[in-house]
>>> print(open('coords_30.cif').read())   # mmCIF, C-alpha atoms
data_coords
loop_
_atom_site.label_atom_id
_atom_site.label_comp_id
_atom_site.auth_asym_id
_atom_site.auth_seq_id
_atom_site.Cartn_x
_atom_site.Cartn_y
_atom_site.Cartn_z
CA MET A 27 170.30 95.94 91.77
CA PRO A 28 172.76 92.99 91.85
CA GLN A 29 173.73 91.59 88.46
CA PHE A 30 174.58 87.93 87.96
CA LEU A 31 177.68 86.94 86.00
CA ASP A 32 177.65 85.07 82.72
CA ASP A 33 179.27 81.63 82.53
CA LYS A 34 182.46 82.94 80.93
CA PHE A 35 183.29 85.65 83.45
CA ILE A 36 186.65 85.24 85.21
CA LEU A 37 187.58 86.94 88.48
CA ARG A 38 191.27 87.76 88.16
CA GLY A 39 193.77 88.21 90.97
CA ARG A 40 197.51 88.67 91.25
CA TYR A 41 198.20 85.01 92.10
CA VAL A 42 195.01 83.11 91.29
CA ASN A 43 191.89 83.48 89.19
CA LEU A 44 188.35 82.22 89.77
CA ARG A 45 186.77 80.87 86.62
CA PRO A 46 183.38 79.19 86.26
CA LEU A 47 183.11 75.47 86.94
CA ARG A 48 182.72 73.43 83.74
CA ILE A 49 181.63 69.91 82.85
CA ASP A 50 185.19 68.97 81.93
CA ASP A 51 186.21 69.73 85.54
CA ALA A 52 184.14 66.78 86.77
CA GLU A 53 186.91 64.19 86.98
CA PHE A 54 189.43 66.14 89.04
CA THR A 55 186.85 67.88 91.23
CA PHE A 56 185.35 64.47 91.99
CA ARG A 57 188.83 63.27 92.97
CA TRP A 58 189.28 66.31 95.23
CA ARG A 59 185.90 65.73 96.90
CA ARG A 60 186.85 62.12 97.66
CA GLY A 61 190.10 63.19 99.31
CA GLU A 62 190.88 63.54 102.98
CA ARG A 63 190.69 67.34 102.95
CA ALA A 64 187.01 67.15 101.93
CA ALA A 65 186.01 64.84 104.79
CA LEU A 66 184.33 67.69 106.69
CA LEU A 67 182.33 68.95 103.70
CA ASN A 68 178.85 67.73 102.89
CA GLN A 69 178.89 64.40 101.10
CA GLY A 70 179.21 64.91 97.37
CA ALA A 71 178.84 62.79 94.26
CA GLN A 72 179.70 59.11 94.47
CA THR A 73 180.80 58.79 90.82
CA VAL A 74 182.20 61.03 88.10
CA GLU A 75 178.87 60.73 86.30
CA GLN A 76 177.08 62.05 89.38
CA GLN A 77 179.58 64.89 89.56
CA ILE A 78 178.80 65.80 85.95
CA SER A 79 175.08 65.72 86.75
CA TRP A 80 175.67 67.98 89.76
CA ILE A 81 177.65 70.49 87.69
CA THR A 82 174.99 70.66 84.97
CA SER A 83 172.14 71.07 87.48
CA ARG A 84 173.43 74.16 89.29
CA PRO A 85 170.70 76.80 89.79
CA THR A 86 171.01 80.31 88.43
CA ASN A 87 171.29 81.89 91.88
CA GLU A 88 174.77 80.53 92.54
CA HIS A 89 178.27 80.84 91.11
CA ASN A 90 180.65 77.89 91.28
CA PHE A 91 184.31 78.51 90.57
CA ILE A 92 187.54 76.68 89.98
CA ILE A 93 190.54 78.32 91.63
CA GLU A 94 193.38 78.43 89.10
CA THR A 95 196.93 79.68 89.22
CA ARG A 96 197.86 82.38 86.74
CA ALA A 97 199.33 79.53 84.66
CA ASP A 98 195.80 78.04 84.39
CA LYS A 99 196.55 75.17 86.79
CA PRO A 100 193.39 74.13 88.72
CA ILE A 101 194.12 73.94 92.43
CA GLY A 102 190.77 74.26 94.18
CA MET A 103 187.12 75.21 94.16
CA LEU A 104 184.85 77.79 95.76
CA SER A 105 181.27 78.95 95.40
CA LEU A 106 178.76 81.66 96.24
CA SER A 107 175.35 80.02 96.49
CA GLY A 108 171.85 80.77 97.71
CA ILE A 109 172.03 84.32 96.37
CA ASP A 110 168.82 86.04 97.49
CA VAL A 111 168.43 89.19 95.42
CA ALA A 112 165.44 90.49 97.43
CA ASN A 113 167.23 90.29 100.77
CA ARG A 114 170.74 90.69 99.28
CA VAL A 115 172.33 87.78 101.09
CA GLY A 116 174.39 84.80 99.93
CA GLU A 117 176.42 81.85 101.17
CA PRO A 118 180.10 81.31 100.37
CA GLY A 119 181.06 77.67 100.55
CA ARG A 120 182.39 74.50 98.92
CA PHE A 121 185.84 75.91 99.62
CA LEU A 122 188.52 73.32 98.99
CA ILE A 123 192.17 73.47 98.00
CA GLY A 124 192.39 70.18 96.15
CA ASP A 125 195.99 70.37 94.91
CA GLU A 126 198.04 71.51 97.89
CA GLU A 127 201.36 70.95 96.14
CA ALA A 128 200.47 73.26 93.26
CA ALA A 129 199.18 75.87 95.73
CA GLN A 130 202.42 76.01 97.73
CA GLY A 131 204.20 79.35 97.79
CA ILE A 132 201.20 81.46 96.79
CA PRO A 133 198.41 82.95 98.95
CA ALA A 134 195.80 80.93 97.07
CA ALA A 135 193.24 80.65 99.86
CA ALA A 136 193.42 84.31 100.87
CA GLU A 137 193.21 85.69 97.34
CA ALA A 138 190.44 83.29 96.31
CA MET A 139 188.36 84.43 99.29
CA LYS A 140 189.14 88.08 98.51
CA LEU A 141 187.93 87.65 94.93
CA LEU A 142 184.75 85.91 96.09
CA TYR A 143 184.02 88.57 98.71
CA GLU A 144 184.55 91.30 96.12
CA LEU A 145 181.99 89.54 93.95
CA ALA A 146 179.54 89.29 96.83
CA PHE A 147 179.83 92.76 98.32
CA ASP A 148 181.04 94.96 95.46
CA ARG A 149 179.63 93.45 92.26
CA LEU A 150 176.45 91.83 93.56
CA GLU A 151 175.99 94.43 96.33
CA LEU A 152 175.01 91.89 98.98
CA ARG A 153 174.41 93.16 102.51
CA ARG A 154 175.39 89.97 104.27
CA ILE A 155 176.98 86.59 103.68
CA TRP A 156 176.65 83.60 105.96
CA GLY A 157 177.50 79.93 106.26
CA ILE A 158 177.88 76.93 108.52
CA VAL A 159 180.99 75.02 109.50
CA ALA A 160 181.13 71.57 111.06
CA SER A 161 181.91 71.95 114.75
CA ASN A 162 185.00 69.74 114.60
CA ASN A 163 186.40 71.53 111.55
CA HIS A 164 188.68 73.53 113.82
CA ARG A 165 190.93 74.73 111.02
CA MET A 166 188.05 76.32 109.10
CA ILE A 167 186.51 77.81 112.25
CA LYS A 168 189.85 79.44 113.08
CA TRP A 169 190.20 80.70 109.51
CA GLN A 170 186.71 82.21 109.36
CA THR A 171 187.11 83.81 112.79
CA TYR A 172 190.41 85.38 111.76
CA LEU A 173 188.75 86.79 108.64
CA GLY A 174 186.17 88.57 110.77
CA MET A 175 183.21 86.26 110.39
CA VAL A 176 180.98 86.57 113.46
CA ARG A 177 179.79 83.43 115.22
CA GLU A 178 176.02 83.79 115.36
CA GLY A 179 174.87 80.50 116.79
CA CYS A 180 175.01 76.72 116.85
CA LEU A 181 172.71 74.36 114.96
CA ARG A 182 172.68 71.28 117.15
CA GLN A 183 173.35 67.94 115.40
CA HIS A 184 172.65 69.66 112.10
CA LEU A 185 175.21 67.67 110.11
CA PHE A 186 175.75 63.95 109.61
CA LEU A 187 179.35 63.38 108.50
CA ASN A 188 181.38 60.21 108.45
CA GLY A 189 178.59 58.31 110.16
CA LYS A 190 178.26 60.73 113.07
CA SER A 191 175.99 63.65 113.96
CA GLN A 192 177.67 66.90 114.82
CA ASP A 193 176.80 70.50 115.42
CA ALA A 194 177.10 73.21 112.79
CA ILE A 195 178.53 76.58 113.77
CA LEU A 196 176.69 79.47 112.11
CA PHE A 197 178.80 82.41 110.92
CA GLY A 198 177.79 85.71 109.34
CA LEU A 199 179.52 88.75 107.88
CA LEU A 200 177.98 92.15 107.08
CA ALA A 201 179.18 94.44 104.31
CA ASP A 202 180.65 97.03 106.68
CA GLU A 203 182.46 94.30 108.65
CA TYR A 204 183.94 93.00 105.42
CA ARG A 205 185.35 96.42 104.49
CA ARG A 206 186.50 97.26 108.02
CA VAL A 207 187.96 93.90 109.13
CA THR A 208 188.01 91.18 106.48
CA LEU A 209 189.40 93.05 103.49
CA PRO A 210 192.42 94.54 105.34
CA ARG A 211 193.28 91.13 106.79
CA LEU A 212 193.05 89.41 103.42
CA GLU A 213 195.16 92.11 101.80
CA SER A 214 197.72 91.70 104.60
CA LEU A 215 197.91 87.95 104.02
CA ILE A 216 198.34 88.43 100.29
CA ALA A 217 201.04 91.08 100.79
CA ALA A 218 202.86 88.75 103.21
CA ALA A 219 203.40 86.31 100.36
CA ARG A 220 205.99 88.73 98.98
CA LEU A 221 207.93 88.78 102.29
CA PRO A 222 210.34 86.23 103.75
CA ILE A 223 208.51 83.72 105.92
CA ALA A 224 210.07 85.14 109.09
CA GLN A 225 208.51 88.53 108.35
CA SER A 226 205.06 87.30 107.39
CA ASN A 227 202.01 87.92 109.56
CA LEU A 228 200.04 84.77 108.87
CA PRO A 229 197.70 83.71 111.69
CA GLU A 230 199.07 80.93 113.93
#
>>> encode(input="coords_30.cif", output="C-alpha cells")
Amino acid sequence: MPQFLDDKFILRGRYVNLRPLRIDDAEFTFRWRRGERAALLNQGAQTVEQQISWITSRPTNEHNFIIETRADKPIGMLSLSGIDVANRVGEPGRFLIGDEEAAQGIPAAAEAMKLLYELAFDRLELRRIWGIVASNNHRMIKWQTYLGMVREGCLRQHLFLNGKSQDAILFGLLADEYRRVTLPRLESLIAAARLPIAQSNLPE
C-alpha cells in the first residue's frame, strides 16, 4: 500500500534535492510563476498573499516540492498531485526551473524528474502517472516525449492561456515503461553532466 511522505521528508540526489514547499517560499515562487517561463502553465496566484493561501491549502493527496541545489539554493519547483491510492495513479506537474542562472552546469531538470518518478513508482508504488501539456508548449512536449511519456490523446480547447483557447496534449507513463525507457534516459542525462559538452548525449 502506498505511503504518503511527511512534510519534512527530503528526496536527495547527487546534484539537487526535492524538499517540501513551505510558506516562506511564497515570495520567490510567486515571482517565478509571474515570469516568462511560466506563461504556459495554468494561471497561478495574483499576489504573494494568494500564493501563501495556495501553499497552505494543499490537499493531503499531493506533494509539492522546491528543487534545491546541494548548497540549499532554490532553483525550481515540481509536484506530484492527484494521487489516487485506490487506482494507484498520480499527476506530475507544476514543473518550473525558476532560477535558470543558478541551475546552469547541473542536470537539475533531469535529476528532479528522476527523484519525483522514484517517489511515484518506487515509494508510492503507483501503476501510472499522467498529465497534460499545452499544445504550443513545444519544449515540454519534446521533453516528455524524449522521457518516454506516451501521447494518449488531445483535449480540444481544454486550456485558456494568455487570453486564448488551446488544446491540451494528454500524456501517460506506466510503471514498466518508466523502468524500461524513462529511467535509463534520465540516468544517461545525469551521467552526461560529468562529460565535456561535446561528448554529452542530451536530446537536440
>>> atom_distance(input="coords_30.cif", atom1="atom CA of A:Leu44", atom2="atom CA of A:Gly102")
9.4 Å
>>> closest_residue(input="coords_30.cif", among="A:Ile101, A:Leu37, A:Leu185, A:Val115", to="A:Ala129", atoms="all atoms listed in the file")
A:Ile101
>>> atom_distance(input="coords_30.cif", atom1="atom CA of A:Arg206", atom2="atom CA of A:His89")
25.0 Å
>>> residues_around(input="coords_30.cif", residues="A:Val111", least_positions_apart="2", cutoff="9 Å", atoms="all atoms listed in the file", output="short mmCIF file (atom, residue, chain, number, x, y, z; two decimals) with C-alpha atoms, in the frame of the given file")
data_model
loop_
_atom_site.label_atom_id
_atom_site.label_comp_id
_atom_site.auth_asym_id
_atom_site.auth_seq_id
_atom_site.Cartn_x
_atom_site.Cartn_y
_atom_site.Cartn_z
CA MET A 27 170.30 95.94 91.77
CA PRO A 28 172.76 92.99 91.85
CA ASN A 87 171.29 81.89 91.88
CA ILE A 109 172.03 84.32 96.37
CA ASN A 113 167.23 90.29 100.77
CA ARG A 114 170.74 90.69 99.28
CA VAL A 115 172.33 87.78 101.09
CA GLY A 116 174.39 84.80 99.93
CA LEU A 150 176.45 91.83 93.56
CA LEU A 152 175.01 91.89 98.98
#
>>> residues_around(input="coords_30.cif", residues="stretch 175-178 of chain A", least_positions_apart="3", cutoff="8 Å", atoms="all atoms listed in the file", output="list in words")
Gln170, Thr171, Tyr172, Ile195, Leu196, Phe197, Gly198, Leu199 and Thr208 of chain A
>>> resolve_selection(input="coords_30.cif", expression="the PyMOL selection byres ((chain A and resi 41) around 8)", output="ChimeraX atom specification")
/A:39-40,42-43,95-96,132-134,137
>>> atom_distance(input="coords_30.cif", atom1="atom CA of A:Gly119", atom2="atom CA of A:Glu88")
10.6 Å
>>> resolve_selection(input="coords_30.cif", expression="the PyMOL selection byres ((chain A and resi 74-81) around 8)", output="list of chain:residue names")
A:Leu47, A:Arg48, A:Ile49, A:Ala52, A:Glu53, A:Phe56, A:Gly70, A:Ala71, A:Gln72, A:Thr73, A:Thr82, A:Ser83, A:Arg84
>>> write_last_selection(input="coords_30.cif", atoms="C-alpha atoms", output="short mmCIF file (atom, residue, chain, number, x, y, z; two decimals), in the frame of the given file")
data_model
loop_
_atom_site.label_atom_id
_atom_site.label_comp_id
_atom_site.auth_asym_id
_atom_site.auth_seq_id
_atom_site.Cartn_x
_atom_site.Cartn_y
_atom_site.Cartn_z
CA LEU A 47 183.11 75.47 86.94
CA ARG A 48 182.72 73.43 83.74
CA ILE A 49 181.63 69.91 82.85
CA ALA A 52 184.14 66.78 86.77
CA GLU A 53 186.91 64.19 86.98
CA PHE A 56 185.35 64.47 91.99
CA GLY A 70 179.21 64.91 97.37
CA ALA A 71 178.84 62.79 94.26
CA GLN A 72 179.70 59.11 94.47
CA THR A 73 180.80 58.79 90.82
CA THR A 82 174.99 70.66 84.97
CA SER A 83 172.14 71.07 87.48
CA ARG A 84 173.43 74.16 89.29
#
>>> closest_residue(input="coords_30.cif", among="A:Arg182, A:Arg120, A:Lys140, A:Lys99", to="A:Pro210", atoms="all atoms listed in the file")
A:Lys140
>>> closest_residue(input="coords_30.cif", among="A:Glu144, A:Asp125, A:Asp193, A:Asp50", to="A:Asn162", atoms="all atoms listed in the file")
A:Asp193
>>> closest_residue(input="coords_30.cif", among="A:Phe54, A:Phe121, A:Tyr204, A:Trp169", to="A:Ser107", atoms="all atoms listed in the file")
A:Phe121
>>> closest_residue(input="coords_30.cif", among="A:Ala112, A:Leu142, A:Ile36, A:Ala217", to="A:Glu94", atoms="all atoms listed in the file")
A:Ile36
>>> residues_around(input="coords_30.cif", residues="A:His184", least_positions_apart="4", cutoff="8 Å", atoms="all atoms listed in the file", output="list of chain:residue names")
A:Ser191, A:Gln192, A:Asp193, A:Ala194
>>> closest_residue(input="coords_30.cif", among="A:Leu173, A:Ile93, A:Ala219, A:Ala201", to="A:Phe147", atoms="all atoms listed in the file")
A:Ala201
>>> residues_around(input="coords_30.cif", residues="A:Tyr143", least_positions_apart="3", cutoff="9 Å", atoms="only C-alpha atoms", output="ChimeraX atom specification")
/A:118,138-140,146-148,155,204,209
